[in-house]
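What follows is the content of target35.cif (mmCIF, C-alpha atoms).
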```
data_query
loop_
_atom_site.label_atom_id
_atom_site.label_comp_id
_atom_site.auth_asym_id
_atom_site.auth_seq_id
_atom_site.Cartn_x
_atom_site.Cartn_y
_atom_site.Cartn_z
CA MET A 241 0.00 0.00 0.00
CA PRO A 242 1.08 3.66 -0.32
CA GLN A 243 2.85 5.09 2.68
CA PHE A 244 0.64 4.93 5.75
CA GLN A 245 -0.50 8.22 7.22
CA LEU A 246 -2.29 8.44 10.53
CA ASP A 247 -5.61 10.29 10.43
CA GLN A 248 -5.25 13.82 11.80
CA GLY A 249 -8.17 13.42 14.22
CA LEU A 250 -6.59 10.35 15.80
CA ALA A 251 -3.23 12.09 15.90
CA ASN A 252 -4.81 15.04 17.73
CA ASP A 253 -6.76 12.98 20.28
CA CYS A 254 -4.18 10.31 21.00
CA ILE A 255 -0.60 9.77 22.05
CA ARG A 256 1.35 7.54 19.70
CA LEU A 257 2.96 4.74 21.69
CA GLY A 258 4.64 2.89 18.86
CA GLN A 259 4.10 0.11 16.34
CA PHE A 260 2.67 -3.30 17.06
CA ALA A 261 1.53 -6.10 14.78
CA GLY A 262 1.57 -4.03 11.61
CA ALA A 263 -0.43 -1.25 13.23
CA GLU A 264 0.05 2.04 15.00
CA LEU A 265 -0.58 1.64 18.70
CA LEU A 266 -2.16 4.74 20.20
CA LEU A 267 -3.21 5.73 23.69
CA MET A 268 -6.30 7.93 23.84
CA ASN A 269 -5.18 11.02 25.74
CA ASN A 270 -7.75 10.50 28.48
CA ALA A 271 -6.47 9.22 31.78
CA LEU A 272 -10.01 8.35 32.95
CA TYR A 273 -9.78 4.96 31.21
CA PRO A 274 -7.01 2.71 29.88
CA TRP A 275 -7.93 3.18 26.22
CA LEU A 276 -5.70 1.76 23.50
CA ILE A 277 -6.34 2.14 19.78
CA LEU A 278 -4.87 -0.03 17.04
CA VAL A 279 -4.65 1.47 13.56
CA PRO A 280 -3.70 -1.23 11.05
CA HIS A 281 -1.51 -0.08 8.19
CA CYS A 282 -4.14 -0.61 5.52
CA ALA A 283 -6.47 1.41 3.36
CA HIS A 284 -9.67 -0.41 4.36
CA THR A 285 -12.37 1.14 6.53
CA GLU A 286 -14.14 -2.04 7.69
CA LEU A 287 -12.84 -5.10 9.52
CA TYR A 288 -14.49 -7.57 7.18
CA GLN A 289 -12.61 -6.06 4.21
CA LEU A 290 -9.22 -7.12 5.56
CA GLU A 291 -7.58 -10.16 4.06
CA ALA A 292 -7.72 -13.28 6.21
CA ARG A 293 -4.05 -12.97 7.15
CA GLU A 294 -4.43 -9.30 8.11
CA GLN A 295 -7.45 -10.19 10.24
CA GLN A 296 -5.50 -12.91 12.04
CA ILE A 297 -2.65 -10.55 12.88
CA LEU A 298 -5.11 -7.93 14.11
CA LEU A 299 -7.11 -10.45 16.16
CA SER A 300 -3.95 -11.70 17.81
CA ALA A 301 -2.93 -8.12 18.63
CA ILE A 302 -6.39 -7.39 20.10
CA ASN A 303 -6.12 -10.53 22.24
CA GLN A 304 -2.73 -9.52 23.58
CA LEU A 305 -3.75 -5.93 24.31
CA SER A 306 -6.96 -7.15 25.95
CA ALA A 307 -5.02 -9.45 28.24
CA PHE A 308 -2.55 -6.66 28.99
CA ILE A 309 -5.27 -4.20 29.98
CA LYS A 310 -7.06 -6.79 32.11
CA GLN A 311 -3.85 -7.64 33.92
CA HIS A 312 -2.11 -4.29 34.19
CA PHE A 313 -5.14 -2.16 35.07
CA ALA A 314 -7.24 -4.87 36.72
CA SER A 315 -10.10 -3.78 34.49
CA GLU A 316 -13.45 -5.33 35.31
CA LYS A 317 -14.69 -5.23 31.71
CA LEU A 318 -13.25 -4.73 28.26
CA ASN A 319 -14.95 -2.76 25.52
CA ILE A 320 -13.67 -3.67 22.06
CA ALA A 321 -15.00 -1.82 19.05
CA SER A 322 -14.54 -0.73 15.48
CA ILE A 323 -16.82 2.29 14.97
CA GLY A 324 -15.35 4.88 12.62
CA ASN A 325 -18.38 7.14 12.22
CA ILE A 326 -16.24 10.24 12.71
CA VAL A 327 -12.77 8.99 11.72
CA SER A 328 -13.13 6.66 8.76
CA GLN A 329 -9.56 5.29 8.94
CA LEU A 330 -9.94 1.77 10.33
CA HIS A 331 -9.10 1.74 14.03
CA ILE A 332 -9.95 -0.61 16.88
CA HIS A 333 -10.70 0.60 20.39
CA ILE A 334 -9.60 -1.60 23.31
CA VAL A 335 -10.82 0.00 26.50
CA GLY A 336 -10.58 -1.20 30.08
CA ARG A 337 -13.61 -0.35 32.19
CA GLN A 338 -14.36 -0.21 35.90
CA GLN A 339 -17.75 0.06 37.54
CA SER A 340 -16.31 3.07 39.32
CA ASP A 341 -15.13 4.88 36.19
CA ALA A 342 -16.46 8.19 34.89
CA ALA A 343 -18.78 6.79 32.21
CA TRP A 344 -19.94 3.45 33.61
CA PRO A 345 -22.19 1.75 32.52
CA ASN A 346 -22.32 3.91 29.41
CA THR A 347 -19.72 3.69 26.68
CA VAL A 348 -16.67 5.92 26.65
CA TRP A 349 -17.62 7.26 23.22
CA SER A 350 -20.67 9.00 24.59
CA SER A 351 -18.88 10.56 27.55
CA PRO A 352 -17.49 14.08 27.22
CA GLN A 353 -15.34 13.71 30.34
CA ARG A 354 -11.64 13.86 29.75
CA GLU A 355 -8.50 14.16 31.81
CA LEU A 356 -5.20 14.58 29.98
CA TYR A 357 -2.28 12.32 30.83
CA ALA A 358 0.82 13.42 32.65
CA ALA A 359 3.95 12.50 30.69
CA ALA A 360 5.17 10.15 33.42
CA ALA A 361 1.95 8.13 33.30
CA VAL A 362 2.34 7.65 29.57
CA ARG A 363 5.93 6.53 30.00
CA ASN A 364 4.83 4.02 32.63
CA ILE A 365 2.11 2.56 30.40
CA CYS A 366 4.53 2.36 27.50
CA ALA A 367 7.16 0.62 29.63
CA ALA A 368 4.59 -1.88 30.91
CA LEU A 369 3.44 -2.56 27.35
CA ALA A 370 7.02 -3.07 26.21
CA GLN A 371 7.59 -5.56 29.00
CA TYR A 372 4.33 -7.40 28.29
CA LEU A 373 4.54 -7.50 24.50
CA GLY A 374 8.26 -8.01 24.12
CA ASP A 375 10.16 -7.27 20.94
CA SER A 376 7.03 -7.24 18.76
CA PHE A 377 6.22 -3.81 20.18
CA ILE A 378 8.40 -1.01 18.81
CA SER A 379 8.01 1.77 21.33
CA ASP A 380 8.30 5.42 20.44
CA HIS A 381 9.07 6.22 24.05
CA SER A 382 11.86 3.80 24.93
CA LYS A 383 14.45 6.19 23.57
CA HIS A 384 13.41 8.98 25.91
CA MET B 256 -20.64 -26.32 28.62
CA PRO B 257 -23.89 -26.44 30.58
CA GLN B 258 -27.05 -25.71 28.63
CA PHE B 259 -26.90 -22.25 27.11
CA GLN B 260 -29.41 -19.73 28.35
CA LEU B 261 -29.87 -16.35 26.73
CA ASP B 262 -29.56 -13.38 29.08
CA GLN B 263 -32.97 -12.00 30.00
CA GLY B 264 -32.04 -8.44 29.07
CA LEU B 265 -31.03 -9.48 25.57
CA ALA B 266 -34.17 -11.61 25.27
CA ASN B 267 -36.30 -8.60 26.23
CA ASP B 268 -34.64 -6.10 23.88
CA CYS B 269 -34.14 -8.35 20.86
CA ILE B 270 -35.94 -10.66 18.49
CA ARG B 271 -34.35 -14.08 18.21
CA LEU B 272 -33.74 -14.84 14.54
CA GLY B 273 -32.15 -18.26 14.92
CA GLN B 274 -28.80 -19.97 15.33
CA PHE B 275 -25.67 -19.27 13.34
CA ALA B 276 -22.08 -20.39 13.80
CA GLY B 277 -22.56 -21.76 17.31
CA ALA B 278 -24.28 -18.59 18.46
CA GLU B 279 -27.72 -17.14 18.90
CA LEU B 280 -28.43 -14.60 16.20
CA LEU B 281 -30.57 -11.74 17.48
CA LEU B 282 -32.07 -8.65 15.89
CA MET B 283 -32.24 -5.63 18.17
CA ASN B 284 -35.90 -4.64 18.20
CA ASN B 285 -35.17 -1.20 16.83
CA ALA B 286 -36.04 -0.57 13.20
CA LEU B 287 -33.97 2.65 13.13
CA TYR B 288 -30.80 0.63 12.35
CA PRO B 289 -29.99 -2.83 11.01
CA TRP B 290 -28.57 -4.15 14.28
CA LEU B 291 -27.62 -7.80 14.63
CA ILE B 292 -26.25 -9.37 17.78
CA LEU B 293 -24.31 -12.63 17.99
CA VAL B 294 -24.32 -14.44 21.32
CA PRO B 295 -21.80 -17.31 21.25
CA HIS B 296 -22.78 -20.39 23.21
CA CYS B 297 -20.07 -20.01 25.79
CA ALA B 298 -19.64 -18.97 29.39
CA HIS B 299 -16.95 -16.34 28.77
CA THR B 300 -17.55 -12.62 29.07
CA GLU B 301 -14.59 -11.35 27.01
CA LEU B 302 -13.56 -12.03 23.42
CA TYR B 303 -9.93 -12.73 24.30
CA GLN B 304 -10.99 -15.53 26.65
CA LEU B 305 -12.41 -17.64 23.82
CA GLU B 306 -10.34 -20.54 22.55
CA ALA B 307 -8.63 -19.93 19.22
CA ARG B 308 -11.11 -22.17 17.40
CA GLU B 309 -14.11 -20.41 18.96
CA GLN B 310 -12.62 -17.04 17.98
CA GLN B 311 -12.18 -18.17 14.39
CA ILE B 312 -15.78 -19.32 14.11
CA LEU B 313 -17.00 -16.08 15.63
CA LEU B 314 -14.76 -13.94 13.40
CA SER B 315 -16.01 -15.73 10.32
CA ALA B 316 -19.61 -15.18 11.43
CA ILE B 317 -18.93 -11.46 12.05
CA ASN B 318 -17.41 -11.20 8.57
CA GLN B 319 -20.42 -12.80 6.94
CA LEU B 320 -22.94 -10.71 8.86
CA SER B 321 -20.94 -7.55 8.13
CA ALA B 322 -21.00 -8.30 4.41
CA PHE B 323 -24.71 -9.10 4.60
CA ILE B 324 -25.57 -5.81 6.29
CA LYS B 325 -23.41 -3.81 3.88
CA GLN B 326 -25.05 -5.47 0.90
CA HIS B 327 -28.66 -5.85 2.02
CA PHE B 328 -29.07 -2.47 3.72
CA ALA B 329 -26.49 -0.52 1.69
CA SER B 330 -25.04 0.66 5.01
CA GLU B 331 -22.41 3.37 4.72
CA LYS B 332 -20.55 2.25 7.85
CA LEU B 333 -20.42 -0.74 10.14
CA ASN B 334 -20.09 -0.53 13.88
CA ILE B 335 -18.77 -3.76 15.41
CA ALA B 336 -18.46 -4.03 19.17
CA SER B 337 -18.23 -6.18 22.23
CA ILE B 338 -19.22 -3.99 25.18
CA GLY B 339 -21.14 -5.85 27.88
CA ASN B 340 -21.18 -3.18 30.57
CA ILE B 341 -24.85 -3.82 31.26
CA VAL B 342 -25.33 -7.38 29.99
CA SER B 343 -22.26 -9.40 30.92
CA GLN B 344 -23.09 -12.39 28.70
CA LEU B 345 -20.66 -12.15 25.77
CA HIS B 346 -22.42 -10.65 22.76
CA ILE B 347 -21.19 -8.91 19.62
CA HIS B 348 -23.02 -5.99 18.04
CA ILE B 349 -22.94 -5.69 14.23
CA VAL B 350 -24.71 -2.50 13.28
CA GLY B 351 -25.22 -0.89 9.88
CA ARG B 352 -25.08 2.89 9.93
CA GLN B 353 -26.13 5.66 7.58
CA GLN B 354 -25.18 9.30 7.80
CA SER B 355 -28.92 9.97 7.72
CA ASP B 356 -29.80 7.67 10.62
CA ALA B 357 -31.20 8.76 13.98
CA ALA B 358 -27.96 8.66 15.96
CA TRP B 359 -25.26 9.57 13.41
CA PRO B 360 -22.41 10.27 14.04
CA ASN B 361 -22.88 9.09 17.60
CA THR B 362 -23.05 5.43 18.52
CA VAL B 363 -26.36 3.58 18.73
CA TRP B 364 -25.67 2.67 22.35
CA SER B 365 -25.93 6.26 23.46
CA SER B 366 -29.14 6.95 21.58
CA PRO B 367 -32.47 6.54 23.36
CA GLN B 368 -34.43 6.58 20.11
CA ARG B 369 -36.26 3.39 19.27
CA GLU B 370 -38.85 2.22 16.80
CA LEU B 371 -40.19 -1.30 17.18
CA TYR B 372 -40.24 -3.62 14.19
CA ALA B 373 -43.37 -4.69 12.38
CA ALA B 374 -43.56 -8.50 12.12
CA ALA B 375 -43.36 -8.42 8.32
CA ALA B 376 -40.07 -6.48 8.40
CA VAL B 377 -38.53 -9.07 10.70
CA ARG B 378 -39.69 -11.89 8.43
CA ASN B 379 -38.12 -10.11 5.46
CA ILE B 380 -34.78 -9.66 7.21
CA CYS B 381 -34.82 -13.26 8.34
CA ALA B 382 -35.59 -14.49 4.82
CA ALA B 383 -32.79 -12.36 3.36
CA LEU B 384 -30.38 -13.71 5.98
CA ALA B 385 -31.42 -17.28 5.22
CA GLN B 386 -30.78 -16.70 1.54
CA TYR B 387 -27.42 -15.03 2.18
CA LEU B 388 -26.07 -17.41 4.81
CA GLY B 389 -27.48 -20.65 3.43
CA ASP B 390 -27.87 -23.80 5.50
CA SER B 391 -25.48 -22.63 8.22
CA PHE B 392 -28.23 -20.34 9.49
CA ILE B 393 -31.02 -22.15 11.31
CA SER B 394 -33.88 -19.70 11.26
CA ASP B 395 -36.57 -19.56 13.92
CA HIS B 396 -38.87 -17.88 11.45
CA SER B 397 -38.71 -20.12 8.38
CA LYS B 398 -41.38 -22.35 9.78
CA HIS B 399 -43.88 -19.52 10.09
#
```

Write-out of the structure in structure tokens:
Amino acid sequence: MPQFQLDQGLANDCIRLGQFAGAELLLMNNALYPWLILVPHCAHTELYQLEAREQQILLSAINQLSAFIKQHFASEKLNIASIGNIVSQLHIHIVGRQQSDAAWPNTVWSSPQRELYAAAAVRNICAALAQYLGDSFISDHSKH
Amino acid sequence: MPQFQLDQGLANDCIRLGQFAGAELLLMNNALYPWLILVPHCAHTELYQLEAREQQILLSAINQLSAFIKQHFASEKLNIASIGNIVSQLHIHIVGRQQSDAAWPNTVWSSPQRELYAAAAVRNICAALAQYLGDSFISDHSKH
């Protein structure tokens, strides 16, 4: 495919953590929830349009990030979604939820509440991800 | 696993269309959007907890239902999600969206708007699904 370019809306709302499983790995800049976003390097806008092999890689990445969020944040529930009504570039939300969080039991997409991350918190999440995912995660933050 | 029992909340909100790919196939009783729900016959509450084989079957079913909704309803966007904040029984939403629909660009989960289906519309959707999916879909409505 032509060179991948991250959608400007995602770039504005999120912190880029690095690359994982042929996708950009983003952290929504909202410390109210552990909220990862995978943006596969493809030109499709719907999951079912991916080739079987691309789907398998993405599914495996979703599984690993789900397990990471459950373990690292002790999340009580995971919300996994491909929506794309506002940003059409295919992206998958993987969100850890707690019954005590700001939006529960509603979805995070309908909640206007937001709390920006401190830089140290992002570094900690990135370091934990690097430890959990191993070499398959190419962190943007490890060099800092 | 022990005998599968559909969550009462899902049973109340949805119309059971039949069985497909080891899951209940439901239609959200809201004619404002084509909104299918797959409920795998399992005791897990999170996608990543499924065995690899169960995931593959579910992924294939999501792909087929996605393509069906895109084709049959000419949906401009698909929203695919596993949320489960209110109903913990694992269930996957596959929703066709239009820029002209009642909730756009917001998600359907945050919209209170609802319009119940007429019986004939449900029969039509079920017949179209049966034609699209073939024998792998065991319709509850074909006998009527």

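CA of Leu371 (chain B) is positioned 22.3 Å from CA of Asn346 (chain A).
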
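By chain and then residue number, the residues within 10 Å of Ala368 (chain A) are Phe308, His312, Val362 and Gly374 of chain A, counting all atoms listed in the file and disregarding those fewer than 6 positions away in sequence.
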
Proximity of chain A to chain B: per-residue shortest pair, 9 Å limit, only C-alpha atoms, as a Markdown table:
```
| residue | atom | partner | partner_atom | distance |
| --- | --- | --- | --- | --- |
| A:Thr285 | CA | B:Lys332 | CA | 8.4 |
| A:Glu286 | CA | B:Leu333 | CA | 6.9 |
| A:Leu287 | CA | B:Asn318 | CA | 7.7 |
| A:Tyr288 | CA | B:Asn318 | CA | 4.9 |
| A:Gln289 | CA | B:Asn318 | CA | 8.3 |
| A:Gln295 | CA | B:Leu314 | CA | 8.8 |
| A:Gln296 | CA | B:Gln311 | CA | 8.8 |
| A:Leu299 | CA | B:Gln310 | CA | 8.8 |
| A:Ser300 | CA | B:Tyr303 | CA | 8.9 |
| A:Ile302 | CA | B:Tyr303 | CA | 7.7 |
| A:Asn303 | CA | B:Tyr303 | CA | 4.9 |
| A:Gln304 | CA | B:Tyr303 | CA | 7.9 |
| A:Ser306 | CA | B:Tyr303 | CA | 6.5 |
| A:Ala307 | CA | B:Tyr303 | CA | 7.1 |
| A:Lys317 | CA | B:Asn340 | CA | 6.9 |
| A:Leu318 | CA | B:Ile338 | CA | 6.8 |
| A:Asn319 | CA | B:Ile338 | CA | 4.5 |
| A:Ile320 | CA | B:Ser337 | CA | 5.2 |
| A:Ala321 | CA | B:Ala336 | CA | 4.1 |
| A:Ser322 | CA | B:Ile335 | CA | 5.2 |
| A:Ile323 | CA | B:Asn334 | CA | 4.5 |
| A:Gly324 | CA | B:Asn334 | CA | 7.3 |
| A:Asn325 | CA | B:Pro360 | CA | 5.4 |
| A:Ile326 | CA | B:Pro360 | CA | 6.3 |
| A:Ser328 | CA | B:Lys332 | CA | 8.7 |
| A:Arg337 | CA | B:Asn340 | CA | 8.2 |
| A:Gln339 | CA | B:Asn340 | CA | 8.4 |
| A:Trp344 | CA | B:Asn340 | CA | 7.4 |
| A:Pro345 | CA | B:Asn340 | CA | 5.4 |
| A:Asn346 | CA | B:Asn340 | CA | 7.3 |
| A:Thr347 | CA | B:Trp364 | CA | 7.4 |
| A:Trp349 | CA | B:Thr362 | CA | 7.4 |
| A:Ser350 | CA | B:Ser365 | CA | 6.0 |
```

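Residues captured in this structure file are Gln274, Phe275, Gly277, Ala278, Glu279, Leu280, Pro295, Ile312, Leu313, Ser315, Ala316, Ser391 and Phe392 of chain B, according to the PyMOL selection byres ((chain B and resi 276) around 9).
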
| said: Going by the chain IDs and residue numbers used in this file, which residues fall under the PyMOL selection byres ((chain A and resi 381) around 10)? Write them as number ranges by chain. | reply: A: 256-258, 362-364, 366-367, 370, 378-380, 382-384

| task | Go through B:Ile270, B:Cys297, B:Tyr288, B:Gln258 one by one, measure the shortest atom-to-atom distance of each to Ala329 (chain B) using only C-alpha atoms, and give the residue with the smallest value. | result |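 Checking each candidate against Ala329 (chain B), we get B:Tyr288 as the closest.
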
| CA of His284 (chain A) and CA of Asn252 (chain A), how far apart in Å? |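 The value is 21.0 Å.
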
| remark: CA of Ser330 (chain B) sits from CA of Pro289 (chain B) at a separation of 8.5 Å

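Once the PyMOL selection byres ((chain B and resi 265) around 10) is applied to the depicted file, the selected set reads Leu261, Asp262, Gln263, Gly264, Ala266, Asn267, Asp268, Cys269, Ile270, Arg271, Leu281, Leu282, Met283, Ile292, Val294, Val342, Gln344 and His346 of chain B.
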
| task | Could you tell me which of A:Leu330, A:Arg354, A:Ile309, A:Gly336 comes closest to Leu278 (chain A) if we count all atoms listed in the file? | result |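 Of A:Leu330, A:Arg354, A:Ile309, A:Gly336, the one nearest Leu278 (chain A) is A:Leu330, counting all atoms listed in the file.
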